[in-house]
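Asks: Handing over final.csv, CSV, C-alpha atoms.
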chain,number,residue,atom,x,y,z
A,294,MET,CA,15.0,-17.4,20.2
A,295,ARG,CA,12.3,-17.4,17.6
A,296,PRO,CA,13.3,-15.1,14.6
A,297,ARG,CA,11.6,-11.7,14.4
A,298,VAL,CA,11.0,-10.4,10.9
A,299,LEU,CA,11.3,-6.7,10.1
A,300,LEU,CA,9.4,-5.6,7.0
A,301,PRO,CA,11.0,-2.6,5.3
A,302,LEU,CA,10.0,-0.6,2.3
A,303,ALA,CA,9.3,-3.5,0.0
A,304,ALA,CA,6.2,-4.6,1.9
A,305,ALA,CA,4.4,-1.3,1.1
A,306,ALA,CA,5.6,-0.9,-2.4
A,307,ALA,CA,3.2,-3.7,-3.4
A,308,MET,CA,0.5,-1.3,-4.6
A,309,LEU,CA,-3.2,-0.8,-4.7
A,310,PHE,CA,-4.8,0.1,-7.3
A,311,ALA,CA,-20.1,-0.1,-15.8
A,312,GLY,CA,-18.4,0.5,-18.0
A,313,CYS,CA,-15.4,2.5,-18.9
A,314,GLY,CA,-13.9,5.6,-17.5
A,315,ASP,CA,-12.9,6.9,-14.1
A,316,GLY,CA,-16.0,6.7,-11.9
A,317,THR,CA,-14.0,7.0,-8.7
A,318,GLY,CA,-13.2,10.7,-8.5
A,319,PRO,CA,-12.8,12.8,-5.3
A,320,GLY,CA,-15.7,13.0,-3.0
A,321,GLY,CA,-17.2,9.6,-3.3
A,322,ALA,CA,-16.7,6.1,-1.9
A,323,LEU,CA,-15.9,3.1,-4.1
A,324,THR,CA,-18.7,0.6,-4.7
A,325,ALA,CA,-18.1,-3.0,-3.9
A,326,GLU,CA,-17.7,-3.7,-7.6
A,327,GLU,CA,-15.2,-0.9,-7.9
A,328,GLU,CA,-13.3,-2.1,-4.9
A,329,ALA,CA,-13.0,-5.6,-6.4
A,330,SER,CA,-12.1,-4.2,-9.8
A,331,LEU,CA,-9.4,-1.9,-8.4
A,332,ILE,CA,-7.6,-4.8,-6.6
A,333,GLU,CA,-7.9,-7.0,-9.7
A,334,ALA,CA,-6.6,-4.3,-11.9
A,335,LEU,CA,-3.4,-3.8,-9.9
A,336,GLY,CA,-2.9,-7.5,-9.2
A,337,SER,CA,-3.1,-8.2,-13.0
A,338,ALA,CA,-0.6,-5.5,-13.6
A,339,GLY,CA,1.8,-7.1,-11.2
A,340,LEU,CA,1.6,-4.3,-8.6
A,341,ILE,CA,0.1,-6.3,-5.7
A,342,ALA,CA,1.8,-9.4,-4.3
A,343,ALA,CA,-0.1,-12.4,-2.9
A,344,ALA,CA,-1.1,-10.7,0.4
A,345,GLY,CA,-2.1,-7.4,-1.3
A,346,PRO,CA,-5.8,-8.3,-1.7
A,347,LEU,CA,-6.0,-8.7,2.1
A,348,THR,CA,-3.9,-5.7,3.2
A,349,PHE,CA,-4.8,-3.0,0.6
A,350,GLY,CA,-8.2,-4.8,0.1
A,351,ALA,CA,-9.0,-4.0,3.7
A,352,VAL,CA,-8.1,-0.4,3.2
A,353,VAL,CA,-10.3,0.2,0.2
A,354,ALA,CA,-13.2,-1.8,1.8
A,355,GLN,CA,-13.3,0.6,4.8
A,356,ALA,CA,-12.8,3.8,2.8
A,357,ASP,CA,-15.9,6.0,2.9
A,358,ASP,CA,-14.4,8.8,0.8
A,359,LEU,CA,-11.8,9.5,-1.8
A,360,GLY,CA,-9.5,12.5,-2.4
A,361,ALA,CA,-7.1,13.6,-5.1
A,362,ALA,CA,-3.3,14.0,-5.3
A,363,GLY,CA,-1.1,14.6,-8.3
A,364,GLY,CA,-4.1,14.6,-10.6
A,365,GLN,CA,-5.2,11.2,-9.5
A,366,SER,CA,-8.0,9.7,-7.3
A,367,ALA,CA,-6.3,9.0,-4.0
A,368,VAL,CA,-6.7,7.6,-0.5
A,369,GLY,CA,-4.3,7.6,2.4
A,370,TYR,CA,-3.5,4.5,4.5
A,371,GLN,CA,-2.0,3.5,7.7
A,372,MET,CA,-1.6,-0.2,8.2
A,373,GLN,CA,-0.4,-2.0,11.3
A,374,ILE,CA,0.2,-5.6,10.1
A,375,VAL,CA,0.9,-8.5,12.3
A,376,PHE,CA,1.6,-11.9,10.7
A,377,THR,CA,1.1,-15.1,12.7
A,378,GLY,CA,1.4,-18.8,11.9
A,379,GLY,CA,4.5,-20.2,10.3
A,380,LEU,CA,6.4,-17.0,11.1
A,381,GLU,CA,5.9,-14.0,13.3
A,382,ALA,CA,6.3,-10.6,11.7
A,383,GLU,CA,5.1,-7.0,12.2
A,384,ALA,CA,5.3,-3.7,10.3
A,385,VAL,CA,3.6,-0.4,10.1
A,386,SER,CA,3.0,1.0,6.7
A,387,THR,CA,1.9,4.6,6.1
A,388,GLY,CA,1.3,6.0,2.6
A,389,LEU,CA,-0.8,7.2,-0.2
A,390,LEU,CA,-2.1,5.4,-3.2
A,391,GLY,CA,-3.7,6.8,-6.4
A,392,TRP,CA,-5.1,5.8,-9.7
A,393,THR,CA,-6.8,7.1,-12.9
A,394,GLN,CA,-9.5,5.7,-15.2
A,395,LEU,CA,-10.6,2.6,-13.3
A,396,ASN,CA,-12.5,0.5,-15.8
A,397,THR,CA,-14.7,-2.0,-14.0
A,398,GLY,CA,-15.6,-3.8,-17.3
A,399,ALA,CA,-11.9,-4.6,-18.1
A,400,ASN,CA,-10.5,-4.4,-14.5
A,401,THR,CA,-7.8,-1.9,-15.6
A,402,VAL,CA,-6.4,1.5,-14.6
A,403,ALA,CA,-4.7,3.9,-16.8
A,404,THR,CA,-2.0,5.0,-14.3
A,405,ALA,CA,-1.4,4.3,-10.6
A,406,PHE,CA,1.1,5.2,-7.9
A,407,ASN,CA,1.9,4.2,-4.3
A,408,THR,CA,4.3,6.0,-2.0
A,409,GLY,CA,5.0,5.9,1.7
A,410,VAL,CA,7.1,4.6,4.5
A,411,VAL,CA,7.3,1.1,6.0
A,412,GLN,CA,8.7,0.8,9.6
A,413,PRO,CA,9.0,-2.1,12.1
A,414,GLY,CA,6.2,-2.3,14.6
A,415,GLY,CA,5.9,0.1,17.4
A,416,GLY,CA,2.7,2.0,16.8
A,417,PHE,CA,1.4,4.5,14.2
A,418,PRO,CA,3.6,7.5,13.6
A,419,ALA,CA,2.4,11.1,14.5
A,420,THR,CA,4.5,12.6,11.7
A,421,LEU,CA,7.0,11.4,9.0
A,422,ASP,CA,9.8,12.9,7.1
A,423,GLU,CA,11.7,10.1,5.4
A,424,ALA,CA,13.9,9.6,2.4
A,425,ILE,CA,12.7,7.4,-0.5
A,426,GLY,CA,15.0,4.9,-2.2
A,427,ASP,CA,16.9,1.7,-1.9
A,428,GLY,CA,18.2,1.1,1.6
A,429,THR,CA,15.6,3.5,3.2
A,430,GLU,CA,12.2,3.1,4.8
A,431,GLY,CA,10.6,5.2,2.1
A,432,ASN,CA,9.2,3.9,-1.2
A,433,GLY,CA,7.6,5.1,-4.4
A,434,ILE,CA,6.3,3.2,-7.4
A,435,HIS,CA,4.4,4.4,-10.6
A,436,TYR,CA,2.5,2.5,-13.2
A,437,ILE,CA,1.5,3.4,-16.8
A,438,SER,CA,-0.9,1.0,-18.5
A,439,SER,CA,-0.4,2.1,-22.1
A,440,SER,CA,3.2,1.0,-22.1
A,441,GLY,CA,3.0,-1.7,-19.4
A,442,SER,CA,5.6,0.3,-17.5
A,443,ILE,CA,6.5,0.1,-13.8
A,444,TYR,CA,8.9,2.6,-12.3
A,445,LEU,CA,10.6,2.0,-8.9
A,446,ALA,CA,11.8,5.1,-7.0
A,447,ASP,CA,15.6,5.6,-6.5
A,448,ALA,CA,15.4,8.8,-4.6
A,449,GLY,CA,12.8,11.2,-3.2
A,450,ARG,CA,11.0,12.1,0.0
A,451,PHE,CA,7.7,11.3,1.8
A,452,THR,CA,6.3,13.5,4.5
A,453,MET,CA,3.3,13.3,6.7
A,454,SER,CA,2.7,16.5,8.6
A,455,SER,CA,-0.6,15.6,10.2
A,456,ALA,CA,-3.0,12.7,10.7
A,457,VAL,CA,-6.4,12.8,12.5
A,458,PHE,CA,-8.7,9.8,13.0
A,459,GLY,CA,-12.0,9.0,14.6
A,460,ALA,CA,-12.8,6.1,16.9
A,461,THR,CA,-11.5,2.6,16.1
A,462,ASP,CA,-14.1,-0.1,15.4
A,463,GLU,CA,-14.3,-3.6,14.1
A,464,CYS,CA,-14.1,-3.8,10.3
A,465,PRO,CA,-17.6,-4.5,8.8
A,466,ASP,CA,-16.0,-5.5,5.5
A,467,VAL,CA,-13.1,-8.0,5.6
A,468,PRO,CA,-11.5,-9.5,2.4
A,469,ALA,CA,-12.1,-13.2,2.0
A,470,PRO,CA,-9.1,-15.6,2.7
A,471,ILE,CA,-6.8,-16.2,-0.2
A,472,ALA,CA,-4.3,-19.1,-0.7
A,473,GLY,CA,-2.0,-19.1,2.3
A,474,PHE,CA,-3.4,-16.0,4.0
A,475,SER,CA,-6.5,-15.1,6.1
A,476,ILE,CA,-7.4,-12.1,8.2
A,477,THR,CA,-8.1,-13.2,11.8
A,478,SER,CA,-8.6,-9.6,13.2
A,479,CYS,CA,-9.4,-6.3,11.5
A,480,ARG,CA,-10.0,-3.0,13.2
A,481,PHE,CA,-10.2,0.4,11.5
A,482,ALA,CA,-10.7,4.1,11.8
A,483,THR,CA,-11.2,6.8,9.2
A,484,GLY,CA,-9.8,10.3,9.1
A,485,THR,CA,-7.5,12.5,7.1
A,486,MET,CA,-3.8,12.7,6.4
A,487,ALA,CA,-1.7,15.6,5.0
A,488,GLY,CA,1.9,15.9,3.8
A,489,SER,CA,3.9,15.8,0.6
A,490,PHE,CA,5.9,13.5,-1.7
A,491,ASP,CA,8.3,13.4,-4.6
A,492,PHE,CA,10.5,10.9,-6.2
A,493,GLU,CA,12.8,10.0,-9.2
A,494,ALA,CA,12.2,6.5,-10.5
A,495,THR,CA,13.7,4.0,-12.9
A,496,LEU,CA,11.9,1.7,-15.3
A,497,ILE,CA,12.0,-1.9,-14.2
A,498,THR,CA,9.5,-3.4,-16.7
A,499,GLY,CA,7.6,-2.2,-19.7
A,500,THR,CA,8.4,-0.2,-22.9
A,501,GLY,CA,8.1,3.4,-21.5
A,502,ALA,CA,10.8,6.0,-21.0
A,503,ALA,CA,13.8,5.0,-19.0
A,504,THR,CA,12.9,7.2,-16.0
A,505,PHE,CA,9.9,8.9,-14.4
A,506,SER,CA,9.9,12.0,-12.2
A,507,GLN,CA,7.2,12.6,-9.7
A,508,PRO,CA,7.4,16.4,-8.9
A,509,PRO,CA,6.9,17.7,-5.3
A,510,THR,CA,3.2,17.1,-4.6
A,511,ALA,CA,1.2,18.2,-1.6
A,512,TYR,CA,-1.7,16.0,-0.4
A,513,ALA,CA,-4.5,16.2,2.1
A,514,VAL,CA,-6.7,13.2,1.6
A,515,PRO,CA,-9.3,10.9,3.3
A,516,THR,CA,-7.3,8.1,5.1
A,517,VAL,CA,-8.1,4.7,6.5
A,518,ARG,CA,-6.1,3.3,9.4
A,519,VAL,CA,-6.3,-0.5,9.8
A,520,GLU,CA,-4.9,-2.9,12.4
A,521,LEU,CA,-4.6,-6.3,10.8
A,522,VAL,CA,-3.7,-9.8,12.1
A,523,ILE,CA,-3.1,-12.1,9.2
A,524,ASP,CA,-2.5,-15.9,9.6
A,525,VAL,CA,0.1,-17.2,7.2
A,526,GLN,CA,0.4,-20.8,6.2
A,527,GLY,CA,4.1,-21.3,6.1
A,528,VAL,CA,7.2,-19.1,5.8
A,529,SER,CA,7.6,-19.6,2.1
A,530,GLU,CA,4.2,-18.1,1.4
A,531,LEU,CA,5.1,-15.0,3.5
A,532,ARG,CA,8.5,-14.6,1.8
A,533,SER,CA,7.0,-14.6,-1.7
A,534,ALA,CA,3.9,-12.7,-0.9
A,535,LEU,CA,5.5,-9.5,0.4
A,536,GLY,CA,8.0,-9.3,-2.4
A,537,VAL,CA,8.3,-6.5,-4.9
A,538,VAL,CA,10.3,-6.9,-8.2
A,539,ALA,CA,14.0,-6.4,-7.7
A,540,ARG,CA,13.8,-5.7,-3.9
A,541,PRO,CA,14.2,-8.2,-1.0
A,542,ALA,CA,11.0,-8.6,1.0
A,543,PHE,CA,12.3,-8.7,4.5
A,544,THR,CA,15.4,-9.0,6.7
A,545,PRO,CA,15.5,-11.5,9.5
A,546,GLU,CA,16.9,-10.5,12.9
A,547,ASP,CA,17.4,-12.7,15.9
A,548,GLU,CA,15.9,-11.4,19.1
Would you kindly transcribe this structure into structure tokens?
Replies:
Amino acid sequence: MRPRVLLPLAAAAAMLFAGCGDGTGPGGALTAEEEASLIEALGSAGLIAAAGPLTFGAVVAQADDLGAAGGQSAVGYQMQIVFTGGLEAEAVSTGLLGWTQLNTGANTVATAFNTGVVQPGGGFPATLDEAIGDGTEGNGIHYISSSGSIYLADAGRFTMSSAVFGATDECPDVPAPIAGFSITSCRFATGTMAGSFDFEATLITGTGAATFSQPPTAYAVPTVRVELVIDVQGVSELRSALGVVARPAFTPEDE
């Protein structure tokens, strides 16, 4: 049988994230320039793997509003991702990403976080209450630009108590193909998502403190749900693209 690939927490831990300052506060959409700058900022920081400009790029491109969580600009996401081509794979990723001080001139952010849950395919969840940490479906990651520090969560919890969305439609804005990857289908809906998260994390790169603590934080934010089909040119590209530092990207299982 052809191998089926399950994409656990590492797939989602690859994060999103005129001048200077944070022009992307709650209550407004990102401009096209800000969308591109945000993806570039987090890619340059090493927080988005190769496929990130497509997956998270599709989310921010459809977002028509921003919220706030933990003192940062934030948007929720639900992504159903189906990979085709050299390898068949499917996952559903639900989470929250945030950032501060997006600088479109320098393509940087001061801080950023991403937390959520990645599960094998099977449809979007109605609610979530999942542990965060190695060996779980939950993930958390935090970035601090001033020290070049990335913190990966060892323990914590992510919950989604409610999620409400409007009608699903074809995506009007689809990220352009990148080396080895192209979106062949994109559908989206916008809505809201609420819940809470917290995590304890360990420094994996940078010169900051050895640990980071994200206190219990409630969220109720605008959210984008996307259904993506991404063509992958070869298994090796998929394997490297979904990776996150110090975590395996996926686990093969025979059907």
Asks: Considering only C-alpha atoms, return as a PyMOL selection string whatever protein or nucleic-acid residues lie within 6 Å of range 475-482 of chain A, sequence-local ones (same chain, fewer than 2 positions apart) excluded.
Replies: chain A and resi 459-464+470+517-524
Asks: Could you check which of A:Gln371, A:Ser386, A:Asn396, A:Asn432 is closest to Glu328 in chain A, using only C-alpha atoms?
Replies: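 Among the listed residues, the smallest separation from Glu328 in chain A belongs to A:Asn396.
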Asks: From the list A:Ile471, A:Ala344, A:Ile437, A:Met453, which residue is nearest Tyr370 in chain A when using all atoms listed in the file?
Replies: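 Of the candidates, the smallest distance to Tyr370 in chain A is held by A:Met453.
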Asks: Skip Ala334 in chain A itself and residues of its chain fewer than 3 positions away, then list as a ChimeraX atom specification all residues within 6 Å of it, counting all atoms listed in the file.
Replies: /A:330-331,337,400-401
Asks: Mind checking which residues fall within 7 Å of Phe458 in chain A, counting all atoms listed in the file, ignoring those fewer than 6 positions away in the same chain, and posting them as a list of chain:residue names?
Replies: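 After dropping sequence-adjacent residues, the list is A:Ala482, A:Thr483, A:Gly484, A:Thr485.
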Asks: Residues of range 471-535 of chain A within 6 Å of range 348-369 of chain A: nearest atom pair and distance (Å, one decimal) for each, counting all atoms listed in the file, sorted by chain and number, as JSON lines?
Replies:
{"residue": "A:Tyr512", "atom": "CA", "partner": "A:Ala362", "partner_atom": "CA", "distance": 5.5}
{"residue": "A:Val514", "atom": "CA", "partner": "A:Gly360", "partner_atom": "CA", "distance": 4.9}
{"residue": "A:Pro515", "atom": "CA", "partner": "A:Val368", "partner_atom": "CA", "distance": 5.7}
{"residue": "A:Thr516", "atom": "CA", "partner": "A:Gly369", "partner_atom": "CA", "distance": 4.1}
Asks: Let me make sure I understand: among A:Phe451, A:Val525, A:Glu383, A:Ala338, which one has the smallest atom-to-atom distance to Thr498 in chain A if we use all atoms listed in the file?
Replies: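 Of the candidates, the smallest distance to Thr498 in chain A is held by A:Ala338.
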Asks: Tell me which of A:Pro468, A:Gly488, A:Gly415, A:Gly433 sits closest to Gln507 in chain A, counting only C-alpha atoms.
Replies: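 Residue with the minimum atom-to-atom distance to Gln507 in chain A: A:Gly433.
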Asks: Interatomic distance between CA of Leu496 in chain A and CA of Val411 in chain A?
Replies: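 Taking CA of Leu496 in chain A as the start and CA of Val411 in chain A as the end point, the length is 21.8 Å.
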Asks: Please supply range 390-413 of chain A, rebuilt with N, CA, C and O atoms, as a PDB file, in the coordinates of the input.
Replies:
ATOM      1  N   LEU A 390      -1.995   6.092  -1.972  1.00  0.00           N
ATOM      2  CA  LEU A 390      -2.100   5.400  -3.200  1.00  0.00           C
ATOM      3  C   LEU A 390      -3.114   6.138  -4.126  1.00  0.00           C
ATOM      4  O   LEU A 390      -4.066   6.732  -3.639  1.00  0.00           O
ATOM      5  N   GLY A 391      -2.841   6.109  -5.422  1.00  0.00           N
ATOM      6  CA  GLY A 391      -3.700   6.800  -6.400  1.00  0.00           C
ATOM      7  C   GLY A 391      -3.814   6.090  -7.680  1.00  0.00           C
ATOM      8  O   GLY A 391      -2.986   5.237  -8.009  1.00  0.00           O
ATOM      9  N   TRP A 392      -4.832   6.451  -8.449  1.00  0.00           N
ATOM     10  CA  TRP A 392      -5.100   5.800  -9.700  1.00  0.00           C
ATOM     11  C   TRP A 392      -5.921   6.713 -10.616  1.00  0.00           C
ATOM     12  O   TRP A 392      -6.588   7.638 -10.125  1.00  0.00           O
ATOM     13  N   THR A 393      -5.918   6.439 -11.909  1.00  0.00           N
ATOM     14  CA  THR A 393      -6.800   7.100 -12.900  1.00  0.00           C
ATOM     15  C   THR A 393      -7.523   6.102 -13.721  1.00  0.00           C
ATOM     16  O   THR A 393      -7.018   5.008 -13.961  1.00  0.00           O
ATOM     17  N   GLN A 394      -8.714   6.472 -14.164  1.00  0.00           N
ATOM     18  CA  GLN A 394      -9.500   5.700 -15.200  1.00  0.00           C
ATOM     19  C   GLN A 394      -9.662   4.254 -14.808  1.00  0.00           C
ATOM     20  O   GLN A 394      -9.294   3.366 -15.573  1.00  0.00           O
ATOM     21  N   LEU A 395     -10.236   4.016 -13.646  1.00  0.00           N
ATOM     22  CA  LEU A 395     -10.600   2.600 -13.300  1.00  0.00           C
ATOM     23  C   LEU A 395     -11.713   2.175 -14.218  1.00  0.00           C
ATOM     24  O   LEU A 395     -12.762   2.803 -14.317  1.00  0.00           O
ATOM     25  N   ASN A 396     -11.489   1.078 -14.906  1.00  0.00           N
ATOM     26  CA  ASN A 396     -12.500   0.500 -15.800  1.00  0.00           C
ATOM     27  C   ASN A 396     -12.946  -0.811 -15.232  1.00  0.00           C
ATOM     28  O   ASN A 396     -12.225  -1.811 -15.218  1.00  0.00           O
ATOM     29  N   THR A 397     -14.174  -0.796 -14.718  1.00  0.00           N
ATOM     30  CA  THR A 397     -14.700  -2.000 -14.000  1.00  0.00           C
ATOM     31  C   THR A 397     -15.059  -3.088 -14.991  1.00  0.00           C
ATOM     32  O   THR A 397     -15.170  -4.253 -14.581  1.00  0.00           O
ATOM     33  N   GLY A 398     -15.266  -2.751 -16.268  1.00  0.00           N
ATOM     34  CA  GLY A 398     -15.600  -3.800 -17.300  1.00  0.00           C
ATOM     35  C   GLY A 398     -14.323  -4.615 -17.583  1.00  0.00           C
ATOM     36  O   GLY A 398     -14.384  -5.841 -17.687  1.00  0.00           O
ATOM     37  N   ALA A 399     -13.190  -3.921 -17.720  1.00  0.00           N
ATOM     38  CA  ALA A 399     -11.900  -4.600 -18.100  1.00  0.00           C
ATOM     39  C   ALA A 399     -11.031  -4.842 -16.902  1.00  0.00           C
ATOM     40  O   ALA A 399     -10.009  -5.525 -17.040  1.00  0.00           O
ATOM     41  N   ASN A 400     -11.383  -4.303 -15.735  1.00  0.00           N
ATOM     42  CA  ASN A 400     -10.500  -4.400 -14.500  1.00  0.00           C
ATOM     43  C   ASN A 400      -9.128  -3.856 -14.816  1.00  0.00           C
ATOM     44  O   ASN A 400      -8.118  -4.539 -14.639  1.00  0.00           O
ATOM     45  N   THR A 401      -9.095  -2.595 -15.259  1.00  0.00           N
ATOM     46  CA  THR A 401      -7.800  -1.900 -15.600  1.00  0.00           C
ATOM     47  C   THR A 401      -7.824  -0.523 -14.995  1.00  0.00           C
ATOM     48  O   THR A 401      -8.877   0.047 -14.701  1.00  0.00           O
ATOM     49  N   VAL A 402      -6.620   0.038 -14.855  1.00  0.00           N
ATOM     50  CA  VAL A 402      -6.400   1.500 -14.600  1.00  0.00           C
ATOM     51  C   VAL A 402      -5.463   2.009 -15.580  1.00  0.00           C
ATOM     52  O   VAL A 402      -4.621   1.279 -16.116  1.00  0.00           O
ATOM     53  N   ALA A 403      -5.565   3.316 -15.872  1.00  0.00           N
ATOM     54  CA  ALA A 403      -4.700   3.900 -16.800  1.00  0.00           C
ATOM     55  C   ALA A 403      -3.292   4.187 -16.220  1.00  0.00           C
ATOM     56  O   ALA A 403      -2.257   3.928 -16.835  1.00  0.00           O
ATOM     57  N   THR A 404      -3.288   4.711 -14.997  1.00  0.00           N
ATOM     58  CA  THR A 404      -2.000   5.000 -14.300  1.00  0.00           C
ATOM     59  C   THR A 404      -2.319   4.667 -12.784  1.00  0.00           C
ATOM     60  O   THR A 404      -3.470   4.645 -12.339  1.00  0.00           O
ATOM     61  N   ALA A 405      -1.262   4.496 -12.027  1.00  0.00           N
ATOM     62  CA  ALA A 405      -1.400   4.300 -10.600  1.00  0.00           C
ATOM     63  C   ALA A 405      -0.065   4.610  -9.912  1.00  0.00           C
ATOM     64  O   ALA A 405       0.989   4.553 -10.546  1.00  0.00           O
ATOM     65  N   PHE A 406      -0.136   4.971  -8.638  1.00  0.00           N
ATOM     66  CA  PHE A 406       1.100   5.200  -7.900  1.00  0.00           C
ATOM     67  C   PHE A 406       0.865   4.746  -6.426  1.00  0.00           C
ATOM     68  O   PHE A 406      -0.263   4.690  -5.940  1.00  0.00           O
ATOM     69  N   ASN A 407       1.961   4.448  -5.764  1.00  0.00           N
ATOM     70  CA  ASN A 407       1.900   4.200  -4.300  1.00  0.00           C
ATOM     71  C   ASN A 407       3.223   4.708  -3.746  1.00  0.00           C
ATOM     72  O   ASN A 407       4.304   4.455  -4.274  1.00  0.00           O
ATOM     73  N   THR A 408       3.128   5.464  -2.689  1.00  0.00           N
ATOM     74  CA  THR A 408       4.300   6.000  -2.000  1.00  0.00           C
ATOM     75  C   THR A 408       4.078   6.078  -0.555  1.00  0.00           C
ATOM     76  O   THR A 408       2.947   6.293  -0.108  1.00  0.00           O
ATOM     77  N   GLY A 409       5.134   5.863   0.220  1.00  0.00           N
ATOM     78  CA  GLY A 409       5.000   5.900   1.700  1.00  0.00           C
ATOM     79  C   GLY A 409       6.198   5.390   2.379  1.00  0.00           C
ATOM     80  O   GLY A 409       7.295   5.344   1.831  1.00  0.00           O
ATOM     81  N   VAL A 410       5.982   4.981   3.617  1.00  0.00           N
ATOM     82  CA  VAL A 410       7.100   4.600   4.500  1.00  0.00           C
ATOM     83  C   VAL A 410       6.640   3.293   5.227  1.00  0.00           C
ATOM     84  O   VAL A 410       5.511   3.201   5.723  1.00  0.00           O
ATOM     85  N   VAL A 411       7.531   2.310   5.287  1.00  0.00           N
ATOM     86  CA  VAL A 411       7.300   1.100   6.000  1.00  0.00           C
ATOM     87  C   VAL A 411       8.320   1.013   7.171  1.00  0.00           C
ATOM     88  O   VAL A 411       9.519   1.138   6.929  1.00  0.00           O
ATOM     89  N   GLN A 412       7.829   0.839   8.385  1.00  0.00           N
ATOM     90  CA  GLN A 412       8.700   0.800   9.600  1.00  0.00           C
ATOM     91  C   GLN A 412       8.376  -0.487  10.359  1.00  0.00           C
ATOM     92  O   GLN A 412       7.262  -1.012  10.273  1.00  0.00           O
ATOM     93  N   PRO A 413       9.348  -0.988  11.145  1.00  0.00           N
ATOM     94  CA  PRO A 413       9.000  -2.100  12.100  1.00  0.00           C
ATOM     95  C   PRO A 413       7.915  -1.670  13.005  1.00  0.00           C
ATOM     96  O   PRO A 413       7.626  -0.481  13.155  1.00  0.00           O
TER      97      PRO A 413
END
